[in-house]
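To be precise, the following lines are structure-v8.pdb, and they hold PDB, C-alpha atoms, pLDDT in the B column.
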```pdb
ATOM      1  CA  MET A   1      20.434  22.872 -78.512  1.00 94.00           C
ATOM      2  CA  HIS A   2      20.499  22.301 -74.754  1.00 97.00           C
ATOM      3  CA  ILE A   3      23.488  20.786 -72.948  1.00 98.00           C
ATOM      4  CA  ALA A   4      22.897  20.107 -69.251  1.00 98.00           C
ATOM      5  CA  ILE A   5      25.636  19.451 -66.692  1.00 98.00           C
ATOM      6  CA  LEU A   6      24.234  17.502 -63.744  1.00 98.00           C
ATOM      7  CA  THR A   7      25.621  19.150 -60.635  1.00 97.00           C
ATOM      8  CA  PHE A   8      24.860  17.754 -57.198  1.00 97.00           C
ATOM      9  CA  GLU A   9      25.528  18.750 -53.585  1.00 96.00           C
ATOM     10  CA  GLY A  10      29.260  18.410 -52.914  1.00 96.00           C
ATOM     11  CA  TYR A  11      30.058  18.865 -56.600  1.00 97.00           C
ATOM     12  CA  ASN A  12      33.605  19.211 -57.901  1.00 96.00           C
ATOM     13  CA  GLU A  13      34.049  22.713 -59.335  1.00 96.00           C
ATOM     14  CA  LEU A  14      36.678  21.616 -61.845  1.00 94.00           C
ATOM     15  CA  ASP A  15      34.360  19.049 -63.360  1.00 92.00           C
ATOM     16  CA  SER A  16      31.187  21.101 -63.731  1.00 95.00           C
ATOM     17  CA  LEU A  17      32.586  24.583 -64.277  1.00 96.00           C
ATOM     18  CA  ILE A  18      35.426  23.806 -66.691  1.00 95.00           C
ATOM     19  CA  ALA A  19      33.002  21.908 -68.912  1.00 96.00           C
ATOM     20  CA  LEU A  20      30.566  24.820 -68.636  1.00 97.00           C
ATOM     21  CA  GLY A  21      33.266  27.253 -69.730  1.00 96.00           C
ATOM     22  CA  VAL A  22      34.480  25.203 -72.684  1.00 97.00           C
ATOM     23  CA  LEU A  23      30.974  24.441 -73.914  1.00 98.00           C
ATOM     24  CA  ASN A  24      30.074  28.118 -73.771  1.00 97.00           C
ATOM     25  CA  ARG A  25      32.848  28.947 -76.248  1.00 96.00           C
ATOM     26  CA  VAL A  26      30.256  27.910 -78.853  1.00 96.00           C
ATOM     27  CA  LYS A  27      28.143  30.898 -79.877  1.00 92.00           C
ATOM     28  CA  ALA A  28      25.708  29.182 -82.234  1.00 92.00           C
ATOM     29  CA  ASP A  29      22.072  30.274 -82.286  1.00 94.00           C
ATOM     30  CA  GLY A  30      20.023  28.299 -79.779  1.00 94.00           C
ATOM     31  CA  TRP A  31      23.102  26.844 -78.051  1.00 97.00           C
ATOM     32  CA  ARG A  32      22.375  26.731 -74.304  1.00 97.00           C
ATOM     33  CA  VAL A  33      24.485  25.222 -71.522  1.00 98.00           C
ATOM     34  CA  THR A  34      23.068  24.874 -68.010  1.00 98.00           C
ATOM     35  CA  LEU A  35      23.985  23.481 -64.628  1.00 98.00           C
ATOM     36  CA  ALA A  36      21.138  21.120 -63.770  1.00 98.00           C
ATOM     37  CA  THR A  37      20.664  20.633 -60.042  1.00 97.00           C
ATOM     38  CA  PRO A  38      18.207  18.704 -57.857  1.00 97.00           C
ATOM     39  CA  SER A  39      17.558  21.770 -55.664  1.00 97.00           C
ATOM     40  CA  PRO A  40      17.509  25.588 -56.007  1.00 98.00           C
ATOM     41  CA  THR A  41      21.135  25.788 -54.854  1.00 98.00           C
ATOM     42  CA  VAL A  42      23.981  23.325 -54.372  1.00 97.00           C
ATOM     43  CA  THR A  43      27.286  23.781 -52.566  1.00 97.00           C
ATOM     44  CA  SER A  44      30.567  22.445 -53.911  1.00 97.00           C
ATOM     45  CA  MET A  45      33.095  20.331 -52.049  1.00 96.00           C
ATOM     46  CA  ASN A  46      34.977  23.596 -51.403  1.00 97.00           C
ATOM     47  CA  GLY A  47      32.015  25.753 -50.436  1.00 97.00           C
ATOM     48  CA  VAL A  48      31.094  27.372 -53.767  1.00 97.00           C
ATOM     49  CA  VAL A  49      27.319  27.894 -53.922  1.00 97.00           C
ATOM     50  CA  ILE A  50      25.610  27.982 -57.317  1.00 97.00           C
ATOM     51  CA  GLU A  51      21.995  28.504 -58.280  1.00 97.00           C
ATOM     52  CA  GLN A  52      19.940  26.107 -60.333  1.00 97.00           C
ATOM     53  CA  MET A  53      19.926  26.885 -64.062  1.00 98.00           C
ATOM     54  CA  SER A  54      17.790  23.904 -65.050  1.00 98.00           C
ATOM     55  CA  THR A  55      16.107  20.960 -63.341  1.00 97.00           C
ATOM     56  CA  LEU A  56      16.989  17.295 -63.567  1.00 97.00           C
ATOM     57  CA  GLU A  57      13.747  16.772 -65.468  1.00 97.00           C
ATOM     58  CA  GLU A  58      14.830  19.362 -68.035  1.00 98.00           C
ATOM     59  CA  ALA A  59      18.205  17.653 -68.290  1.00 98.00           C
ATOM     60  CA  CYS A  60      16.495  14.403 -69.214  1.00 97.00           C
ATOM     61  CA  ALA A  61      15.032  16.197 -72.232  1.00 97.00           C
ATOM     62  CA  ALA A  62      18.309  17.901 -73.222  1.00 98.00           C
ATOM     63  CA  ASP A  63      20.266  17.130 -76.373  1.00 97.00           C
ATOM     64  CA  ALA A  64      23.359  16.276 -74.339  1.00 98.00           C
ATOM     65  CA  VAL A  65      24.042  15.643 -70.661  1.00 98.00           C
ATOM     66  CA  ILE A  66      27.231  15.566 -68.611  1.00 98.00           C
ATOM     67  CA  VAL A  67      26.954  13.858 -65.245  1.00 98.00           C
ATOM     68  CA  GLY A  68      29.322  15.801 -63.027  1.00 96.00           C
ATOM     69  CA  SER A  69      31.139  14.374 -60.054  1.00 95.00           C
ATOM     70  CA  GLY A  70      31.640  15.266 -56.425  1.00 95.00           C
ATOM     71  CA  ILE A  71      32.219  13.969 -52.935  1.00 95.00           C
ATOM     72  CA  ALA A  72      28.633  12.756 -52.470  1.00 94.00           C
ATOM     73  CA  THR A  73      28.077  10.748 -55.666  1.00 94.00           C
ATOM     74  CA  ARG A  74      27.460   7.509 -53.800  1.00 93.00           C
ATOM     75  CA  GLU A  75      24.754   9.261 -51.803  1.00 95.00           C
ATOM     76  CA  VAL A  76      23.254  10.500 -55.083  1.00 96.00           C
ATOM     77  CA  THR A  77      23.052   6.950 -56.416  1.00 95.00           C
ATOM     78  CA  GLU A  78      21.251   5.894 -53.242  1.00 95.00           C
ATOM     79  CA  ASP A  79      18.655   8.675 -53.453  1.00 96.00           C
ATOM     80  CA  PRO A  80      15.482   7.231 -55.059  1.00 97.00           C
ATOM     81  CA  ALA A  81      14.051  10.669 -55.822  1.00 96.00           C
ATOM     82  CA  ILE A  82      17.090  11.639 -57.889  1.00 97.00           C
ATOM     83  CA  MET A  83      17.682   8.284 -59.531  1.00 97.00           C
ATOM     84  CA  ASN A  84      14.037   7.856 -60.535  1.00 97.00           C
ATOM     85  CA  VAL A  85      14.225  11.137 -62.445  1.00 97.00           C
ATOM     86  CA  LEU A  86      17.548  10.214 -64.043  1.00 97.00           C
ATOM     87  CA  ARG A  87      16.052   7.023 -65.423  1.00 97.00           C
ATOM     88  CA  GLY A  88      14.684   9.379 -68.058  1.00 97.00           C
ATOM     89  CA  LEU A  89      18.169   9.694 -69.574  1.00 97.00           C
ATOM     90  CA  ASP A  90      18.205   7.911 -72.919  1.00 97.00           C
ATOM     91  CA  PRO A  91      21.323   7.454 -75.101  1.00 96.00           C
ATOM     92  CA  SER A  92      19.140   6.597 -78.080  1.00 95.00           C
ATOM     93  CA  ARG A  93      18.163  10.272 -78.303  1.00 96.00           C
ATOM     94  CA  GLN A  94      20.828  12.069 -76.214  1.00 97.00           C
ATOM     95  CA  LEU A  95      24.563  12.302 -75.885  1.00 98.00           C
ATOM     96  CA  ILE A  96      25.332  11.208 -72.337  1.00 98.00           C
ATOM     97  CA  ALA A  97      28.720  11.788 -70.752  1.00 98.00           C
ATOM     98  CA  ALA A  98      30.054  11.278 -67.251  1.00 97.00           C
ATOM     99  CA  GLN A  99      32.974  12.923 -65.498  1.00 96.00           C
ATOM    100  CA  CYS A 100      34.894  10.957 -62.835  1.00 96.00           C
ATOM    101  CA  SER A 101      32.386   9.667 -60.251  1.00 95.00           C
ATOM    102  CA  GLY A 102      29.568  10.460 -62.664  1.00 96.00           C
ATOM    103  CA  ALA A 103      30.448   7.083 -64.187  1.00 96.00           C
ATOM    104  CA  LEU A 104      29.058   5.479 -61.044  1.00 96.00           C
ATOM    105  CA  VAL A 105      25.710   7.168 -61.719  1.00 97.00           C
ATOM    106  CA  LEU A 106      25.653   5.774 -65.259  1.00 97.00           C
ATOM    107  CA  ALA A 107      26.607   2.338 -63.954  1.00 96.00           C
ATOM    108  CA  ARG A 108      23.805   2.340 -61.402  1.00 95.00           C
ATOM    109  CA  LEU A 109      21.356   3.455 -64.103  1.00 96.00           C
ATOM    110  CA  GLY A 110      22.382   0.494 -66.265  1.00 95.00           C
ATOM    111  CA  LEU A 111      23.724   2.745 -69.021  1.00 97.00           C
ATOM    112  CA  LEU A 112      27.201   1.202 -69.008  1.00 95.00           C
ATOM    113  CA  ASP A 113      26.166  -2.397 -69.555  1.00 90.00           C
ATOM    114  CA  GLY A 114      28.853  -3.831 -71.831  1.00 88.00           C
ATOM    115  CA  VAL A 115      30.600  -0.444 -72.038  1.00 94.00           C
ATOM    116  CA  PRO A 116      33.957   0.123 -70.288  1.00 96.00           C
ATOM    117  CA  ALA A 117      34.413   3.442 -68.527  1.00 97.00           C
ATOM    118  CA  CYS A 118      36.954   6.011 -67.423  1.00 97.00           C
ATOM    119  CA  THR A 119      36.782   7.449 -63.929  1.00 96.00           C
ATOM    120  CA  ASP A 120      38.972   8.881 -61.194  1.00 94.00           C
ATOM    121  CA  LEU A 121      41.137   6.692 -58.992  1.00 94.00           C
ATOM    122  CA  THR A 122      38.975   7.200 -55.897  1.00 93.00           C
ATOM    123  CA  THR A 123      35.800   6.133 -57.679  1.00 94.00           C
ATOM    124  CA  LYS A 124      37.359   3.243 -59.576  1.00 95.00           C
ATOM    125  CA  PRO A 125      36.711   0.547 -56.907  1.00 95.00           C
ATOM    126  CA  TRP A 126      33.015   1.484 -56.730  1.00 94.00           C
ATOM    127  CA  VAL A 127      32.611   1.394 -60.507  1.00 95.00           C
ATOM    128  CA  VAL A 128      34.417  -1.950 -60.667  1.00 95.00           C
ATOM    129  CA  ALA A 129      32.153  -3.251 -57.896  1.00 94.00           C
ATOM    130  CA  ALA A 130      29.189  -2.225 -60.063  1.00 92.00           C
ATOM    131  CA  GLY A 131      30.470  -4.645 -62.696  1.00 93.00           C
ATOM    132  CA  ILE A 132      32.052  -2.127 -65.072  1.00 95.00           C
ATOM    133  CA  GLU A 133      35.517  -2.450 -66.605  1.00 96.00           C
ATOM    134  CA  VAL A 134      37.539   0.680 -65.801  1.00 96.00           C
ATOM    135  CA  LEU A 135      40.104   1.805 -68.364  1.00 96.00           C
ATOM    136  CA  ASN A 136      43.463   3.378 -67.530  1.00 96.00           C
ATOM    137  CA  GLN A 137      42.961   6.336 -69.872  1.00 96.00           C
ATOM    138  CA  PRO A 138      41.406   9.812 -69.700  1.00 97.00           C
ATOM    139  CA  PHE A 139      38.530   9.398 -72.160  1.00 97.00           C
ATOM    140  CA  TYR A 140      36.437   6.720 -73.807  1.00 98.00           C
ATOM    141  CA  ALA A 141      33.234   6.784 -75.805  1.00 97.00           C
ATOM    142  CA  LYS A 142      31.012   4.225 -77.431  1.00 95.00           C
ATOM    143  CA  GLY A 143      28.071   5.405 -79.469  1.00 94.00           C
ATOM    144  CA  ASN A 144      26.333   8.190 -77.591  1.00 96.00           C
ATOM    145  CA  ILE A 145      27.958   7.476 -74.214  1.00 97.00           C
ATOM    146  CA  ALA A 146      31.285   8.913 -73.082  1.00 98.00           C
ATOM    147  CA  THR A 147      33.230   8.945 -69.821  1.00 98.00           C
ATOM    148  CA  ALA A 148      36.319  10.800 -68.630  1.00 97.00           C
ATOM    149  CA  GLY A 149      38.619  10.257 -65.677  1.00 96.00           C
ATOM    150  CA  GLY A 150      40.500  12.996 -63.839  1.00 94.00           C
ATOM    151  CA  CYS A 151      39.275  16.552 -63.266  1.00 92.00           C
ATOM    152  CA  LEU A 152      41.328  18.038 -66.076  1.00 94.00           C
ATOM    153  CA  ALA A 153      39.878  15.518 -68.537  1.00 95.00           C
ATOM    154  CA  SER A 154      36.625  17.501 -68.495  1.00 95.00           C
ATOM    155  CA  PRO A 155      37.600  19.513 -71.620  1.00 96.00           C
ATOM    156  CA  TYR A 156      37.676  16.214 -73.513  1.00 97.00           C
ATOM    157  CA  LEU A 157      34.028  15.584 -72.668  1.00 97.00           C
ATOM    158  CA  ALA A 158      33.131  19.119 -73.674  1.00 97.00           C
ATOM    159  CA  ALA A 159      35.056  18.825 -76.946  1.00 97.00           C
ATOM    160  CA  TRP A 160      33.418  15.471 -77.727  1.00 97.00           C
ATOM    161  CA  ILE A 161      29.971  16.988 -77.244  1.00 97.00           C
ATOM    162  CA  ILE A 162      30.814  20.041 -79.356  1.00 97.00           C
ATOM    163  CA  ALA A 163      32.262  17.861 -82.110  1.00 96.00           C
ATOM    164  CA  ARG A 164      29.164  15.672 -82.133  1.00 96.00           C
ATOM    165  CA  LEU A 165      26.689  18.569 -82.132  1.00 96.00           C
ATOM    166  CA  GLN A 166      28.512  21.390 -83.941  1.00 95.00           C
ATOM    167  CA  GLY A 167      31.347  19.764 -85.824  1.00 93.00           C
ATOM    168  CA  ASP A 168      35.045  19.176 -85.495  1.00 92.00           C
ATOM    169  CA  ALA A 169      36.143  22.721 -86.270  1.00 94.00           C
ATOM    170  CA  ALA A 170      33.926  24.142 -83.524  1.00 96.00           C
ATOM    171  CA  ALA A 171      35.444  21.713 -81.015  1.00 96.00           C
ATOM    172  CA  ALA A 172      38.973  22.658 -82.031  1.00 96.00           C
ATOM    173  CA  ASP A 173      38.141  26.363 -81.811  1.00 96.00           C
ATOM    174  CA  ALA A 174      36.703  25.981 -78.302  1.00 96.00           C
ATOM    175  CA  LEU A 175      39.770  24.117 -77.068  1.00 97.00           C
ATOM    176  CA  HIS A 176      42.128  26.558 -78.756  1.00 96.00           C
ATOM    177  CA  TYR A 177      40.411  29.443 -76.962  1.00 96.00           C
ATOM    178  CA  VAL A 178      40.866  27.975 -73.471  1.00 95.00           C
ATOM    179  CA  ALA A 179      44.295  26.382 -73.978  1.00 96.00           C
ATOM    180  CA  PRO A 180      47.364  27.998 -72.352  1.00 96.00           C
ATOM    181  CA  VAL A 181      49.143  30.623 -74.419  1.00 97.00           C
ATOM    182  CA  GLY A 182      52.195  29.169 -76.098  1.00 97.00           C
ATOM    183  CA  GLU A 183      50.744  25.654 -75.894  1.00 97.00           C
ATOM    184  CA  LYS A 184      47.561  26.039 -77.905  1.00 97.00           C
ATOM    185  CA  GLU A 185      48.484  23.924 -80.938  1.00 96.00           C
ATOM    186  CA  GLU A 186      49.990  21.227 -78.724  1.00 96.00           C
ATOM    187  CA  TYR A 187      46.882  21.218 -76.510  1.00 96.00           C
ATOM    188  CA  VAL A 188      44.474  20.911 -79.433  1.00 96.00           C
ATOM    189  CA  GLU A 189      46.600  18.169 -80.981  1.00 95.00           C
ATOM    190  CA  ARG A 190      46.569  16.169 -77.739  1.00 95.00           C
ATOM    191  CA  ALA A 191      42.797  16.531 -77.523  1.00 95.00           C
ATOM    192  CA  ARG A 192      42.519  15.407 -81.128  1.00 92.00           C
ATOM    193  CA  ARG A 193      44.496  12.263 -80.408  1.00 93.00           C
ATOM    194  CA  THR A 194      42.360  11.570 -77.351  1.00 96.00           C
ATOM    195  CA  ILE A 195      38.836  11.950 -78.698  1.00 96.00           C
ATOM    196  CA  THR A 196      39.093  11.400 -82.461  1.00 94.00           C
ATOM    197  CA  PRO A 197      39.113   7.571 -82.240  1.00 94.00           C
ATOM    198  CA  TYR A 198      35.671   7.795 -80.636  1.00 94.00           C
ATOM    199  CA  LEU A 199      34.081  10.240 -83.073  1.00 92.00           C
ATOM    200  CA  PRO A 200      31.852   9.073 -85.932  1.00 86.00           C
ATOM    201  CA  THR A 201      33.064  12.122 -87.886  1.00 50.00           C
ATOM    202  CA  PRO A 202      36.495  13.084 -89.278  1.00 53.00           C
ATOM    203  CA  ALA A 203      39.298  14.061 -86.922  1.00 46.00           C
ATOM    204  CA  LEU A 204      39.436  17.467 -85.274  1.00 48.00           C
ATOM    205  CA  VAL A 205      40.898  20.010 -87.642  1.00 45.00           C
ATOM    206  CA  GLN A 206      43.958  22.003 -86.724  1.00 43.00           C
ATOM    207  CA  ALA A 207      42.990  25.238 -84.983  1.00 40.00           C
TER     208      ALA A 207
END
```

With the file now loaded, output its structure as structure tokens.
Amino acid sequence: MHIAILTFEGYNELDSLIALGVLNRVKADGWRVTLATPSPTVTSMNGVVIEQMSTLEEACAADAVIVGSGIATREVTEDPAIMNVLRGLDPSRQLIAAQCSGALVLARLGLLDGVPACTDLTTKPWVVAAGIEVLNQPFYAKGNIATAGGCLASPYLAAWIIARLQGDAAAADALHYVAPVGEKEEYVERARRTITPYLPTPALVQA
């Protein structure tokens, strides 16, 4: 089971790396989480350099994909080389999620047609200009497509993917592990309220 987090030049560390950490709480056989980049290395908006773990082409074949965000997302959507590869994303056979400005990538790929989205406040005007309704909430999913708005909403995307691929208990366990001490039950309960309405399976169980 391969989950790829698309991570571009100028990426936001909170979006890509928090999701990476939460997703890697799952220790199931064959469970693999990678940062998929368009080049051998990419540098974050704050200067953090990471190496490529998988390619964009490999991401298009993954079981689930998170489109991360960053300060250069508009440039990404205007890069034919990148966008032509990403046209291989297919919600009929993959879970596809977008964090903050990643929603703009999905909009430009035509994957949000008729689907409202969540995004960050900076990106909102661009997503609206692309013809997408933007919701004032942290998370929304319809079918195999999900979006989240705000850096610290990234655990919701990770939990949604875990719940879809490994079950509700695994999602609750992953969130419980990373939640602040003394607030773990409250944190898991809030996540449950946020993502359960968009799950085709029963609600997250209490951790």

Which residue of A:Gly131, A:Gly143, A:Gly30, A:Gly110 approaches Pro197 (chain A) most closely, using all atoms listed in the file: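 Residue with the minimum atom-to-atom distance to Pro197 (chain A): A:Gly143.
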
Residues selected by the PyMOL selection byres ((chain A and resi 174-191) around 8), written as a ChimeraX atom specification: /A:22-23,25-26,155-156,159,170-173,192-195,206-207

For Ala81 (chain A): contacts at 12 Å, all atoms listed in the file, fewer than 6 positions along chain excluded, given as a PyMOL selection string: chain A and resi 38-39+56-57+75+87

Gly47 (chain A) surroundings by all atoms listed in the file, 12 Å radius, close-in-sequence under 6 positions cut, as a list of chain:residue names: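 Counting all atoms listed in the file, the residues come to A:Glu9, A:Gly10, A:Tyr11, A:Asn12, A:Glu13, A:Thr41.
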
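With all atoms listed in the file taken into account, the protein and nucleic acid residues at most 7 Å from Asn144 (chain A) (excluding it and anything under 3 positions from it in its own chain) are Pro91, Gln94, Leu95 and Ile96 of chain A.
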
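CA of Val67 (chain A) to CA of Ala98 (chain A) spans 4.5 Å [interatomic distance, one decimal].
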
Length of the CA of Asp168 (chain A) to CA of Met1 (chain A) vector [Å]: 16.6 Å

Result set of the PyMOL selection byres ((chain A and resi 198) around 8) on the coordinates above, as a PyMOL selection string: chain A and resi 140-142+195-197+199-200

With C-alpha atoms retained, export the selected residues as a PDB file, in the frame of the given file.
```
ATOM      1  CA  TYR A 140      36.437   6.720 -73.807  1.00 98.00           C
ATOM      2  CA  ALA A 141      33.234   6.784 -75.805  1.00 97.00           C
ATOM      3  CA  LYS A 142      31.012   4.225 -77.431  1.00 95.00           C
ATOM      4  CA  ILE A 195      38.836  11.950 -78.698  1.00 96.00           C
ATOM      5  CA  THR A 196      39.093  11.400 -82.461  1.00 94.00           C
ATOM      6  CA  PRO A 197      39.113   7.571 -82.240  1.00 94.00           C
ATOM      7  CA  LEU A 199      34.081  10.240 -83.073  1.00 92.00           C
ATOM      8  CA  PRO A 200      31.852   9.073 -85.932  1.00 86.00           C
TER       9      PRO A 200
END
```

Result set, the PyMOL selection byres ((chain A and resi 89) around 12) on current file, as an NGL selection string: :A and (4 or 6 or 56-67 or 82-88 or 90-97 or 105-106 or 109-111 or 144-145)

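What separates CA of Ala148 (chain A) from CA of Arg108 (chain A) is a distance of 16.7 Å.
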
From A:Ala169, A:Leu121, A:Ala130, A:Ile3, residue lying nearest Leu104 (chain A) [only C-alpha atoms]: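 The closest residue to Leu104 (chain A) is A:Ala130.
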
Of the listed residues A:Ile50, A:Met45, A:Gly102, A:Val134, that which approaches Gly114 (chain A) most closely, counting only C-alpha atoms: A:Val134

Among listed residues A:Val76, A:Cys118, A:Ala28, A:Cys100, nearest Gly167 (chain A) (using all atoms listed in the file): A:Ala28

Pick from A:Ser16, A:Thr7, A:Asn24, A:Asn136 nearest to Thr37 (chain A), counting all atoms listed in the file: A:Thr7

Box centre and edge lengths (Å, one decimal), axis-aligned, region 120-137 of chain A plus 3 Å each side, as lines of an AutoDock Vina configuration file:
```
center_x = 36.3
center_y = 2.1
center_z = -62.9
size_x = 20.3
size_y = 19.5
size_z = 20.0
```

Selection: 10 Å around Leu152 (chain A), all atoms listed in the file, excl. self and same-chain fewer than 3 positions, as an MDAnalysis selection string: chainID A and resid 14:15 18:19 99 138 148:149 155:156

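If you measure from each of A:Pro40, A:Gly68, A:Gly150, A:Pro80 to Leu20 (chain A) using all atoms listed in the file, the closest one turns out to be A:Gly68.
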
Residue contacts of Ile132 (chain A) (8 Å, all atoms listed in the file) excluding same-chain residues fewer than 6 positions away, as a ChimeraX atom specification: /A:107,112-117

As a PDB file, in the frame of the given file, please: region 61-77 of chain A completed to N, CA and C atoms.
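Wrote it out as rebuild-v1.pdb, contents follow:
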```
ATOM      1  N   ALA A  61      15.542  15.855 -70.907  1.00 97.00           N
ATOM      2  CA  ALA A  61      15.032  16.197 -72.232  1.00 97.00           C
ATOM      3  C   ALA A  61      16.075  16.930 -73.070  1.00 97.00           C
ATOM      4  N   ALA A  62      17.276  17.139 -72.531  1.00 98.00           N
ATOM      5  CA  ALA A  62      18.309  17.901 -73.222  1.00 98.00           C
ATOM      6  C   ALA A  62      18.897  17.096 -74.377  1.00 98.00           C
ATOM      7  N   ASP A  63      19.595  17.798 -75.256  1.00 97.00           N
ATOM      8  CA  ASP A  63      20.266  17.130 -76.373  1.00 97.00           C
ATOM      9  C   ASP A  63      21.515  16.389 -75.920  1.00 97.00           C
ATOM     10  N   ALA A  64      22.156  16.911 -74.886  1.00 98.00           N
ATOM     11  CA  ALA A  64      23.359  16.276 -74.339  1.00 98.00           C
ATOM     12  C   ALA A  64      23.413  16.524 -72.846  1.00 98.00           C
ATOM     13  N   VAL A  65      23.972  15.568 -72.123  1.00 98.00           N
ATOM     14  CA  VAL A  65      24.042  15.643 -70.661  1.00 98.00           C
ATOM     15  C   VAL A  65      25.434  15.214 -70.214  1.00 98.00           C
ATOM     16  N   ILE A  66      26.020  15.990 -69.315  1.00 98.00           N
ATOM     17  CA  ILE A  66      27.231  15.566 -68.611  1.00 98.00           C
ATOM     18  C   ILE A  66      26.863  15.329 -67.161  1.00 98.00           C
ATOM     19  N   VAL A  67      27.170  14.155 -66.657  1.00 98.00           N
ATOM     20  CA  VAL A  67      26.954  13.858 -65.245  1.00 98.00           C
ATOM     21  C   VAL A  67      28.232  14.250 -64.509  1.00 98.00           C
ATOM     22  N   GLY A  68      28.161  15.335 -63.763  1.00 96.00           N
ATOM     23  CA  GLY A  68      29.322  15.801 -63.027  1.00 96.00           C
ATOM     24  C   GLY A  68      29.617  14.935 -61.820  1.00 96.00           C
ATOM     25  N   SER A  69      30.751  15.191 -61.203  1.00 95.00           N
ATOM     26  CA  SER A  69      31.139  14.374 -60.054  1.00 95.00           C
ATOM     27  C   SER A  69      31.235  15.228 -58.797  1.00 95.00           C
ATOM     28  N   GLY A  70      31.522  14.566 -57.691  1.00 95.00           N
ATOM     29  CA  GLY A  70      31.640  15.266 -56.425  1.00 95.00           C
ATOM     30  C   GLY A  70      31.871  14.286 -55.304  1.00 95.00           C
ATOM     31  N   ILE A  71      31.891  14.810 -54.088  1.00 95.00           N
ATOM     32  CA  ILE A  71      32.219  13.969 -52.935  1.00 95.00           C
ATOM     33  C   ILE A  71      31.017  13.180 -52.422  1.00 95.00           C
ATOM     34  N   ALA A  72      29.835  13.430 -52.975  1.00 94.00           N
ATOM     35  CA  ALA A  72      28.633  12.756 -52.470  1.00 94.00           C
ATOM     36  C   ALA A  72      27.943  11.934 -53.557  1.00 94.00           C
ATOM     37  N   THR A  73      28.706  11.472 -54.553  1.00 94.00           N
ATOM     38  CA  THR A  73      28.077  10.748 -55.666  1.00 94.00           C
ATOM     39  C   THR A  73      27.442   9.448 -55.204  1.00 94.00           C
ATOM     40  N   ARG A  74      28.077   8.759 -54.280  1.00 93.00           N
ATOM     41  CA  ARG A  74      27.460   7.509 -53.800  1.00 93.00           C
ATOM     42  C   ARG A  74      26.125   7.785 -53.136  1.00 93.00           C
ATOM     43  N   GLU A  75      26.036   8.897 -52.416  1.00 95.00           N
ATOM     44  CA  GLU A  75      24.754   9.261 -51.803  1.00 95.00           C
ATOM     45  C   GLU A  75      23.721   9.585 -52.878  1.00 95.00           C
ATOM     46  N   VAL A  76      24.164  10.214 -53.967  1.00 96.00           N
ATOM     47  CA  VAL A  76      23.254  10.500 -55.083  1.00 96.00           C
ATOM     48  C   VAL A  76      22.671   9.210 -55.640  1.00 96.00           C
ATOM     49  N   THR A  77      23.533   8.208 -55.829  1.00 95.00           N
ATOM     50  CA  THR A  77      23.052   6.950 -56.416  1.00 95.00           C
ATOM     51  C   THR A  77      22.136   6.171 -55.477  1.00 95.00           C
TER      52      THR A  77
END
```
